>>> print(open('work_4.cif').read())   # mmCIF, C-alpha atoms and all ligand atoms
data_entry
#
loop_
_atom_site.label_atom_id
_atom_site.label_comp_id
_atom_site.auth_asym_id
_atom_site.auth_seq_id
_atom_site.Cartn_x
_atom_site.Cartn_y
_atom_site.Cartn_z
CA MET T 252 46.90 4.40 -10.21
CA LEU T 253 45.37 1.11 -11.08
CA ARG T 254 45.20 1.63 -14.81
CA GLY T 255 48.27 0.36 -16.60
CA THR T 256 49.56 -1.48 -13.54
CA ASP T 257 49.16 -5.07 -14.56
CA GLN T 258 49.79 -7.26 -11.57
CA GLY T 259 47.71 -9.95 -13.21
CA ASP T 260 48.56 -13.57 -13.76
CA GLY T 261 48.72 -13.26 -17.53
CA ALA T 262 45.70 -15.46 -18.13
CA ASP T 263 43.42 -12.46 -18.11
CA SER T 264 45.67 -9.98 -19.83
CA ALA T 265 43.41 -9.87 -22.88
CA ARG T 266 40.22 -8.31 -21.60
CA ASN T 267 37.84 -9.83 -24.10
CA VAL T 268 39.23 -13.30 -23.59
CA SER T 269 38.90 -12.95 -19.82
CA LEU T 270 35.33 -11.72 -20.02
CA ALA T 271 33.80 -14.15 -22.46
CA PRO T 272 32.27 -16.55 -21.80
CA PRO T 273 31.26 -16.20 -18.13
CA LEU T 274 33.08 -18.72 -15.98
CA THR T 275 30.51 -21.46 -15.67
CA VAL T 276 32.47 -24.52 -16.75
CA PRO T 277 34.87 -26.27 -14.40
CA PRO T 278 38.48 -26.05 -15.71
CA ASP T 279 39.11 -29.76 -15.06
CA GLY T 280 39.52 -32.43 -12.43
CA PRO T 281 37.11 -33.83 -9.84
CA GLU T 282 38.55 -31.76 -6.96
CA ILE T 283 37.96 -28.50 -8.83
CA GLU T 284 34.48 -29.66 -9.80
CA HIS T 285 33.77 -30.32 -6.14
CA GLN T 286 35.03 -26.85 -5.17
CA ILE T 287 32.88 -25.20 -7.81
CA ARG T 288 29.78 -27.17 -6.81
CA ARG T 289 30.33 -26.12 -3.21
CA LEU T 290 30.87 -22.50 -4.23
CA ARG T 291 27.61 -22.52 -6.18
CA ALA T 292 25.79 -23.75 -3.09
CA LEU T 293 27.27 -21.07 -0.81
CA PRO T 294 24.44 -18.88 0.52
CA ARG T 295 25.01 -15.28 -0.51
CA ALA T 296 23.68 -11.75 -0.07
CA GLU T 297 23.60 -9.42 -3.10
CA LEU T 298 23.81 -5.79 -1.98
CA HIS T 299 24.59 -3.93 -5.21
CA VAL T 300 22.50 -4.80 -8.25
CA HIS T 301 20.73 -2.31 -10.54
CA LEU T 302 17.20 -3.13 -11.63
CA ASP T 303 17.63 -1.42 -15.03
CA GLY T 304 20.89 -3.30 -15.66
CA SER T 305 19.69 -6.76 -14.77
CA LEU T 306 16.81 -7.71 -17.05
CA ARG T 307 16.49 -11.15 -18.61
CA PRO T 308 17.26 -10.70 -22.35
CA GLU T 309 14.08 -12.63 -23.14
CA THR T 310 12.01 -10.17 -21.12
CA LEU T 311 13.71 -7.14 -22.69
CA LEU T 312 12.89 -8.59 -26.09
CA GLU T 313 9.27 -9.36 -25.27
CA LEU T 314 8.60 -5.94 -23.74
CA ALA T 315 10.32 -4.09 -26.61
CA LYS T 316 8.16 -5.95 -29.15
CA GLU T 317 5.03 -5.25 -27.13
CA LYS T 318 5.83 -1.54 -26.76
CA GLY T 319 7.40 -0.98 -30.18
CA LYS T 320 10.81 0.09 -28.81
CA PRO T 321 14.06 -0.26 -30.78
CA LEU T 322 16.60 -2.93 -29.83
CA PRO T 323 20.11 -3.72 -31.07
CA ALA T 324 19.06 -7.33 -31.86
CA TRP T 325 15.87 -9.37 -32.03
CA ASP T 326 16.81 -12.83 -30.80
CA PRO T 327 17.69 -13.47 -27.15
CA GLU T 328 21.22 -14.74 -27.67
CA THR T 329 22.34 -11.93 -30.02
CA LEU T 330 20.63 -9.43 -27.73
CA ARG T 331 22.42 -10.87 -24.68
CA ARG T 332 25.76 -10.36 -26.45
CA ALA T 333 24.83 -6.89 -27.74
CA MET T 334 23.89 -5.68 -24.26
CA ARG T 335 27.17 -6.84 -22.72
CA ALA T 336 29.56 -3.95 -22.23
CA ASP T 337 32.88 -5.66 -22.96
CA ASP T 338 34.19 -3.09 -25.43
CA ASP T 339 33.15 0.12 -23.72
CA ALA T 340 35.78 2.82 -23.34
CA ASP T 341 34.71 4.08 -19.92
CA LEU T 342 31.88 4.42 -17.42
CA THR T 343 30.03 7.01 -19.51
CA GLN T 344 29.83 4.69 -22.53
CA TYR T 345 28.84 1.83 -20.24
CA LEU T 346 25.95 3.86 -18.82
CA ALA T 347 24.62 4.71 -22.32
CA ARG T 348 23.32 1.11 -22.65
CA PHE T 349 20.72 1.82 -20.00
CA GLU T 350 18.65 3.88 -22.45
CA THR T 351 17.69 0.59 -24.10
CA THR T 352 16.52 -1.09 -20.90
CA LEU T 353 14.84 2.04 -19.54
CA SER T 354 12.74 2.32 -22.72
CA VAL T 355 10.79 -0.82 -21.70
CA MET T 356 10.60 0.02 -17.98
CA GLN T 357 8.02 2.80 -18.04
CA SER T 358 4.90 0.95 -16.88
CA ALA T 359 3.88 -0.58 -13.56
CA PRO T 360 3.38 -4.12 -14.98
CA ALA T 361 6.84 -4.05 -16.62
CA LEU T 362 8.53 -2.84 -13.42
CA GLU T 363 6.69 -5.42 -11.35
CA ARG T 364 7.60 -8.25 -13.70
CA ILE T 365 11.27 -7.29 -14.05
CA THR T 366 11.72 -7.03 -10.26
CA ARG T 367 9.92 -10.32 -9.64
CA GLU T 368 12.10 -12.08 -12.20
CA LEU T 369 15.26 -10.57 -10.72
CA GLY T 370 14.27 -11.81 -7.26
CA GLU T 371 13.49 -15.26 -8.65
CA ASP T 372 16.78 -15.43 -10.59
CA HIS T 373 18.74 -14.54 -7.47
CA ALA T 374 16.89 -17.11 -5.40
CA ALA T 375 17.69 -19.79 -8.00
CA GLU T 376 21.38 -18.93 -7.68
CA GLY T 377 21.64 -19.27 -3.90
CA VAL T 378 21.06 -15.62 -2.94
CA ARG T 379 19.14 -15.47 0.34
CA TYR T 380 18.96 -11.69 0.65
CA VAL T 381 19.01 -9.03 -2.08
CA GLU T 382 18.98 -5.23 -2.12
CA ILE T 383 17.86 -4.03 -5.57
CA ARG T 384 18.61 -0.42 -6.51
CA TYR T 385 17.24 1.92 -9.16
CA SER T 386 16.16 5.52 -9.64
CA PRO T 387 12.36 5.90 -9.83
CA VAL T 388 12.67 9.25 -11.63
CA LEU T 389 13.97 7.38 -14.70
CA HIS T 390 10.70 5.44 -14.89
CA THR T 391 8.24 8.35 -15.09
CA ARG T 392 8.72 9.21 -18.79
CA GLU T 393 5.37 7.77 -19.83
CA GLY T 394 3.23 9.01 -16.98
CA LEU T 395 4.01 6.89 -13.90
CA THR T 396 4.21 8.89 -10.68
CA LEU T 397 7.26 8.49 -8.46
CA GLU T 398 5.13 6.60 -5.91
CA GLU T 399 3.81 4.21 -8.58
CA ALA T 400 7.40 3.68 -9.71
CA VAL T 401 8.19 2.38 -6.21
CA ASP T 402 4.96 0.48 -5.55
CA ALA T 403 5.36 -1.66 -8.68
CA PRO T 404 8.88 -3.00 -7.97
CA LEU T 405 7.85 -3.61 -4.35
CA ARG T 406 4.95 -5.77 -5.55
CA GLY T 407 7.35 -7.70 -7.78
CA LEU T 408 9.81 -8.21 -4.95
CA ARG T 409 7.12 -9.43 -2.56
CA ALA T 410 5.90 -11.86 -5.22
CA ALA T 411 9.43 -13.24 -5.59
CA GLU T 412 9.69 -13.58 -1.81
CA ALA T 413 6.41 -15.46 -1.64
CA ALA T 414 7.42 -17.78 -4.50
CA THR T 415 10.99 -18.54 -3.46
CA GLY T 416 11.62 -17.62 0.18
CA ILE T 417 14.28 -15.04 -0.74
CA ARG T 418 14.26 -11.78 1.30
CA GLY T 419 14.63 -8.46 -0.46
CA ASN T 420 14.52 -4.68 -0.18
CA LEU T 421 14.93 -1.69 -2.47
CA ILE T 422 17.50 1.12 -2.53
CA ILE T 423 16.47 4.37 -4.22
CA CYS T 424 19.17 6.15 -6.22
CA GLY T 425 19.68 9.82 -6.94
CA ILE T 426 21.61 10.55 -10.14
CA ARG T 427 24.85 12.56 -9.98
CA THR T 428 24.32 14.20 -13.36
CA MET T 429 20.83 15.47 -12.49
CA ASP T 430 19.93 18.64 -10.62
CA PRO T 431 20.52 18.07 -6.87
CA VAL T 432 16.91 19.19 -6.32
CA VAL T 433 15.82 15.92 -7.96
CA SER T 434 18.06 13.97 -5.59
CA THR T 435 16.44 15.65 -2.62
CA GLU T 436 13.00 14.72 -3.98
CA LEU T 437 14.17 11.11 -4.40
CA ALA T 438 15.62 11.03 -0.88
CA GLU T 439 12.23 12.19 0.41
CA LEU T 440 10.58 9.45 -1.63
CA ALA T 441 12.95 6.90 -0.07
CA VAL T 442 12.08 8.20 3.40
CA ALA T 443 8.36 7.97 2.58
CA PHE T 444 8.81 4.25 1.83
CA GLN T 445 11.06 3.59 4.84
CA GLY T 446 9.77 0.58 6.75
CA ARG T 447 7.82 -0.49 3.64
CA GLY T 448 10.64 -2.03 1.62
CA VAL T 449 13.06 0.84 0.95
CA VAL T 450 16.15 0.57 3.14
CA ALA T 451 18.60 3.16 1.78
CA PHE T 452 19.37 6.10 -0.47
CA ASP T 453 22.21 5.94 -3.03
CA LEU T 454 23.84 8.23 -5.57
CA ALA T 455 24.58 6.67 -8.98
CA GLY T 456 25.44 7.81 -12.51
CA GLY T 457 28.52 9.40 -14.11
CA GLU T 458 30.96 10.07 -11.27
CA ALA T 459 33.75 12.15 -12.82
CA GLY T 460 32.95 15.85 -12.63
CA TYR T 461 29.76 15.35 -10.62
CA PRO T 462 30.69 15.46 -6.92
CA ALA T 463 28.45 13.79 -4.35
CA GLU T 464 28.82 16.86 -2.18
CA ALA T 465 26.52 18.79 -4.54
CA HIS T 466 23.75 16.43 -3.38
CA ARG T 467 24.40 16.86 0.33
CA GLU T 468 20.91 18.06 1.08
CA ALA T 469 19.50 14.77 -0.20
CA PHE T 470 21.81 12.76 2.03
CA GLN T 471 20.95 14.95 4.98
CA ARG T 472 17.21 14.25 4.44
CA ALA T 473 17.89 10.53 4.44
CA ARG T 474 20.14 10.67 7.50
CA ASP T 475 17.75 12.92 9.42
CA ALA T 476 15.17 10.14 9.02
CA ASN T 477 17.69 7.46 10.10
CA LEU T 478 17.67 5.99 6.61
CA ALA T 479 20.91 4.30 5.53
CA VAL T 480 23.12 5.80 2.81
CA THR T 481 25.35 4.09 0.27
CA ILE T 482 27.17 6.02 -2.46
CA HIS T 483 28.87 4.93 -5.68
CA ALA T 484 32.42 6.28 -5.28
CA GLY T 485 36.00 5.57 -6.28
CA GLU T 486 35.09 4.05 -9.62
CA ALA T 487 35.46 6.73 -12.33
CA TRP T 488 36.94 9.19 -9.86
CA GLY T 489 39.75 8.84 -7.31
CA PRO T 490 39.78 8.41 -3.54
CA SER T 491 38.72 12.03 -2.93
CA SER T 492 35.30 10.91 -4.17
CA ILE T 493 35.24 8.19 -1.49
CA HIS T 494 36.43 10.67 1.15
CA GLN T 495 33.61 13.01 0.19
CA ALA T 496 31.01 10.22 0.22
CA ILE T 497 31.99 9.10 3.73
CA HIS T 498 33.00 12.26 5.49
CA ARG T 499 30.76 14.86 3.86
CA CYS T 500 27.73 12.84 2.81
CA GLY T 501 27.64 10.23 5.59
CA ALA T 502 27.79 7.06 3.50
CA ASN T 503 27.32 3.88 5.55
CA ARG T 504 28.60 1.75 2.67
CA ILE T 505 30.54 2.50 -0.52
CA GLY T 506 29.54 1.25 -3.97
CA HIS T 507 32.77 -0.02 -5.57
CA GLY T 508 35.50 1.92 -3.72
CA THR T 509 37.91 0.46 -6.27
CA ARG T 510 40.42 3.32 -6.14
CA LEU T 511 40.56 3.47 -2.34
CA GLN T 512 44.12 2.09 -2.36
CA GLU T 513 45.39 5.36 -3.85
CA ASP T 514 44.89 7.03 -0.44
CA PRO T 515 46.46 4.83 2.26
CA ALA T 516 45.25 7.02 5.15
CA LEU T 517 41.64 6.81 3.96
CA GLU T 518 42.09 3.10 3.30
CA SER T 519 43.11 2.61 6.94
CA TRP T 520 40.13 4.63 8.10
CA VAL T 521 37.73 2.53 6.00
CA ARG T 522 39.26 -0.61 7.54
CA ASP T 523 39.30 0.73 11.10
CA PHE T 524 35.66 1.80 11.00
CA GLN T 525 34.62 -1.23 8.91
CA VAL T 526 32.80 0.75 6.21
CA PRO T 527 31.70 -1.99 3.78
CA LEU T 528 32.78 -1.88 0.13
CA GLU T 529 30.36 -3.29 -2.45
CA ILE T 530 32.90 -4.77 -4.88
CA CYS T 531 31.88 -5.45 -8.50
CA LEU T 532 34.80 -7.22 -10.21
CA THR T 533 33.48 -7.72 -13.73
CA CYS T 534 32.00 -4.25 -14.05
CA ASN T 535 35.30 -2.71 -12.87
CA VAL T 536 37.23 -4.56 -15.59
CA GLN T 537 34.63 -3.59 -18.20
CA THR T 538 34.79 0.10 -17.29
CA ARG T 539 38.60 -0.19 -17.08
CA VAL T 540 38.89 0.95 -13.48
CA ALA T 541 40.88 -2.25 -13.06
CA PRO T 542 42.91 -3.31 -16.11
CA THR T 543 42.48 -7.03 -15.42
CA PHE T 544 40.79 -9.28 -12.88
CA GLY T 545 44.21 -10.19 -11.52
CA ALA T 546 45.05 -6.52 -10.91
CA HIS T 547 41.83 -5.76 -9.03
CA PRO T 548 42.52 -4.55 -5.47
CA LEU T 549 39.93 -6.93 -3.97
CA ARG T 550 42.71 -9.22 -2.69
CA ARG T 551 44.60 -6.29 -1.12
CA TYR T 552 41.47 -4.98 0.61
CA PHE T 553 40.47 -8.41 1.90
CA ASP T 554 43.96 -9.15 3.26
CA GLN T 555 43.95 -5.85 5.15
CA GLY T 556 40.71 -6.70 6.91
CA ILE T 557 38.49 -4.25 5.08
CA ARG T 558 34.84 -5.24 5.23
CA LEU T 559 33.64 -6.01 1.71
CA THR T 560 31.27 -8.12 -0.28
CA LEU T 561 31.01 -9.24 -3.89
CA CYS T 562 28.21 -7.92 -6.09
CA THR T 563 27.23 -8.03 -9.77
CA ASP T 564 26.24 -4.38 -10.37
CA ASN T 565 24.48 -5.14 -13.69
CA ARG T 566 23.78 -8.73 -14.59
CA LEU T 567 22.80 -7.93 -18.19
CA MET T 568 25.51 -5.39 -19.09
CA SER T 569 28.20 -7.39 -17.30
CA GLY T 570 26.89 -10.78 -18.44
CA VAL T 571 27.41 -12.24 -14.97
CA THR T 572 25.70 -13.87 -12.05
CA LEU T 573 26.83 -13.51 -8.45
CA VAL T 574 28.20 -17.06 -8.64
CA ASP T 575 30.44 -15.93 -11.53
CA GLU T 576 31.86 -13.09 -9.42
CA TYR T 577 32.82 -15.53 -6.64
CA LEU T 578 34.36 -17.91 -9.19
CA ARG T 579 36.40 -15.07 -10.68
CA ALA T 580 37.73 -14.09 -7.25
CA ALA T 581 38.81 -17.72 -6.84
CA GLU T 582 40.30 -18.06 -10.31
CA HIS T 583 42.06 -14.72 -10.72
CA LEU T 584 42.80 -13.62 -7.16
CA GLY T 585 43.38 -16.96 -5.48
CA PHE T 586 40.49 -16.79 -3.03
CA THR T 587 40.04 -20.06 -1.13
CA TRP T 588 36.75 -21.59 -0.04
CA GLU T 589 37.30 -20.35 3.53
CA GLU T 590 38.03 -16.83 2.30
CA LEU T 591 34.99 -16.74 0.03
CA THR T 592 32.88 -17.97 2.92
CA LYS T 593 34.10 -14.93 4.89
CA VAL T 594 33.28 -12.64 1.93
CA ALA T 595 29.78 -14.11 1.70
CA ARG T 596 29.27 -13.71 5.47
CA MET T 597 30.35 -10.07 5.27
CA GLY T 598 27.59 -9.59 2.70
CA PHE T 599 24.96 -10.50 5.30
CA GLU T 600 26.79 -8.49 7.98
CA SER T 601 26.71 -5.40 5.74
CA ALA T 602 23.03 -5.65 4.80
CA PHE T 603 20.79 -2.69 5.56
CA LEU T 604 18.60 -4.73 7.88
CA PRO T 605 17.51 -4.44 11.50
CA TRP T 606 19.93 -6.19 13.86
CA ASP T 607 17.55 -9.03 14.75
CA GLU T 608 16.72 -9.83 11.12
CA LYS T 609 20.39 -9.79 10.26
CA GLY T 610 21.04 -12.16 13.14
CA THR T 611 18.45 -14.59 11.81
CA LEU T 612 20.01 -14.53 8.32
CA LEU T 613 23.51 -14.95 9.76
CA ALA T 614 22.46 -17.91 11.90
CA ALA T 615 20.93 -19.57 8.82
CA PHE T 616 24.10 -18.78 6.85
CA ASP T 617 26.34 -20.35 9.50
CA ALA T 618 24.19 -23.48 9.64
CA GLU T 619 24.22 -23.88 5.85
CA VAL T 620 27.98 -23.35 5.61
CA ALA T 621 28.57 -25.91 8.39
CA THR T 622 26.58 -28.42 6.35
CA LEU T 623 28.55 -27.62 3.19
CA MET T 624 31.81 -28.12 5.07
CA ALA T 625 30.76 -31.41 6.64
ZN ZN T 701 26.34 0.34 -9.40
#
>>> encode(input="work_4.cif", output="structure tokens")
Amino acid sequence: MLRGTDQGDGADSARNVSLAPPLTVPPDGPEIEHQIRRLRALPRAELHVHLDGSLRPETLLELAKEKGKPLPAWDPETLRRAMRADDDADLTQYLARFETTLSVMQSAPALERITRELGEDHAAEGVRYVEIRYSPVLHTREGLTLEEAVDAPLRGLRAAEAATGIRGNLIICGIRTMDPVVSTELAELAVAFQGRGVVAFDLAGGEAGYPAEAHREAFQRARDANLAVTIHAGEAWGPSSIHQAIHRCGANRIGHGTRLQEDPALESWVRDFQVPLEICLTCNVQTRVAPTFGAHPLRRYFDQGIRLTLCTDNRLMSGVTLVDEYLRAAEHLGFTWEELTKVARMGFESAFLPWDEKGTLLAAFDAEVATLMA
């Protein structure tokens, strides 16, 4: 069990101290400043970020005013703090915050804007490729069709690509707590948009008590169409959830996989077959899957040769950028520049992209890293 096993370095033993503020200020010294500058410039891929968890606070505020929706605060800074999930007891409480963001994400213009801004924000932070995930069924409460709820984010993503040069795709999520029939419908929606900006099907939402296996038909639809599958697993539920995701539902990647270490045989399998883990450090500490940053198994998984990449999960609820996640791996888990370069490269390697496109992104990555190291 991870919980209660503090292997941390002491500096992050108090959760709230370790989480606030985000690590954006160099501790001290010119050498460290140089390292941080270089880390900020490292080209990255973001493979696990939720659209409804990653709004700009200013946009959330503006849309809520426009649509007359309630908010916990009415100035951007207080709202930013109110939306951060530092004090949540578990994943279920963490997920409750999404009702606020979803309330303003029920129209095509709002979805288009929020996706465009997310693409632009990533581009500004050195992300060269992003896979944005969300569940279209959660955006049909005020009359949008499922198709419109995919078209709008795609328009926003293409606008961000045109403006910044970033590349991006969408992942459509089924929800564990919903009827599996809905998941199958969403998998069919994902297949309908295959080749037009949707690259995978995922299963998200409350994990404990809602097995992925119940949604097997949805995964089968995706796999029958040669659409990639990633599944949130091993976060609020143990390694049997990861086992199920891989061996019964055909997951090509695992969202989180935090509790994989509790099953050494499965851990070896994940390493041997190089199933990528989408690791979200800050979110895992917030939802208490890992008691501290220092106790997170990221270091163990990396040292064993497991393929993994760092992701934010929810920029708004976690109050992080992808740069912050890399800095935290350096600060709390002793990751060196060379190691973080490998982590970043694995992000591109694990992308749901055709082989030739991936090769182009990897060649660009290698050239940029060579320049940074010169
Ligand atoms: Zn997630």
>>> residues_near_ligand(input="work_4.cif", ligand="ligand ZN 701 (chain T)", cutoff="10 Å", atoms="all atoms listed in the file", output="number ranges by chain")
T: 298-301, 304, 384-385, 424, 453-456, 482-484, 486, 506-507, 529-531, 534, 562-565
>>> closest_residue(input="work_4.cif", among="T:Ala580, T:Ala516, T:Leu369, T:Leu613", to="T:Phe553", atoms="all atoms listed in the file")
T:Ala580
>>> closest_residue(input="work_4.cif", among="T:Arg418, T:His373, T:Arg307, T:Lys318", to="T:Arg331", atoms="all atoms listed in the file")
T:Arg307
>>> residues_near_point(input="work_4.cif", point="(34.8, 5.6, -2.3)", cutoff="9 Å", atoms="only C-alpha atoms", output="ChimeraX atom specification")
/T:482-486,488-497,504-511,528
>>> write_last_selection(input="work_4.cif", atoms="C-alpha atoms", output="mmCIF file, in the coordinates of the input")
data_model
loop_
_atom_site.group_PDB
_atom_site.id
_atom_site.type_symbol
_atom_site.label_atom_id
_atom_site.label_comp_id
_atom_site.auth_asym_id
_atom_site.auth_seq_id
_atom_site.Cartn_x
_atom_site.Cartn_y
_atom_site.Cartn_z
ATOM 1 C CA ILE T 482 27.170 6.020 -2.460
ATOM 2 C CA HIS T 483 28.870 4.930 -5.680
ATOM 3 C CA ALA T 484 32.420 6.280 -5.280
ATOM 4 C CA GLY T 485 36.000 5.570 -6.280
ATOM 5 C CA GLU T 486 35.090 4.050 -9.620
ATOM 6 C CA TRP T 488 36.940 9.190 -9.860
ATOM 7 C CA GLY T 489 39.750 8.840 -7.310
ATOM 8 C CA PRO T 490 39.780 8.410 -3.540
ATOM 9 C CA SER T 491 38.720 12.030 -2.930
ATOM 10 C CA SER T 492 35.300 10.910 -4.170
ATOM 11 C CA ILE T 493 35.240 8.190 -1.490
ATOM 12 C CA HIS T 494 36.430 10.670 1.150
ATOM 13 C CA GLN T 495 33.610 13.010 0.190
ATOM 14 C CA ALA T 496 31.010 10.220 0.220
ATOM 15 C CA ILE T 497 31.990 9.100 3.730
ATOM 16 C CA ARG T 504 28.600 1.750 2.670
ATOM 17 C CA ILE T 505 30.540 2.500 -0.520
ATOM 18 C CA GLY T 506 29.540 1.250 -3.970
ATOM 19 C CA HIS T 507 32.770 -0.020 -5.570
ATOM 20 C CA GLY T 508 35.500 1.920 -3.720
ATOM 21 C CA THR T 509 37.910 0.460 -6.270
ATOM 22 C CA ARG T 510 40.420 3.320 -6.140
ATOM 23 C CA LEU T 511 40.560 3.470 -2.340
ATOM 24 C CA LEU T 528 32.780 -1.880 0.130
#
>>> closest_residue(input="work_4.cif", among="T:Arg447, T:Gly377, T:Pro327, T:Leu311", to="T:Ala361", atoms="all atoms listed in the file")
T:Leu311
>>> residues_around(input="work_4.cif", residues="stretch 570-575 of chain T", least_positions_apart="2", cutoff="9 Å", atoms="only C-alpha atoms", output="ChimeraX atom specification")
/T:270-275,290-291,293,295,297,331-332,334-336,373,376-378,533,561-563,565-568,577-580
>>> atom_distance(input="work_4.cif", atom1="atom CA of T:Gly425", atom2="atom CA of T:Phe444")
15.0 Å
>>> atom_distance(input="work_4.cif", atom1="atom CA of T:Arg379", atom2="atom CA of T:Gly416")
7.8 Å
>>> atom_distance(input="work_4.cif", atom1="atom CA of T:Phe452", atom2="atom CA of T:Ala502")
9.4 Å
>>> closest_residue(input="work_4.cif", among="T:Ala479, T:Thr343, T:Gly446, T:Thr428", to="T:Ala465", atoms="only C-alpha atoms")
T:Thr428
>>> residues_around(input="work_4.cif", residues="T:Asp402", least_positions_apart="2", cutoff="10 Å", atoms="all atoms listed in the file", output="PyMOL selection string")
chain T and resi 359+362-363+396-400+404-408+444+447-448
>>> closest_residue(input="work_4.cif", among="T:Ile557, T:Leu584, T:Val388, T:Ile426", to="T:Val521", atoms="all atoms listed in the file")
T:Ile557
>>> residues_around(input="work_4.cif", residues="T:Ala459", least_positions_apart="2", cutoff="7 Å", atoms="only C-alpha atoms", output="PyMOL selection string")
chain T and resi 457+461+487-488
>>> closest_residue(input="work_4.cif", among="T:Ala595, T:Val449, T:Val433, T:Leu532", to="T:Glu619", atoms="all atoms listed in the file")
T:Ala595
>>> residues_around(input="work_4.cif", residues="T:Arg558", least_positions_apart="5", cutoff="9 Å", atoms="all atoms listed in the file", output="PyMOL selection string")
chain T and resi 521-522+525-528+552-553+594+597-598+601
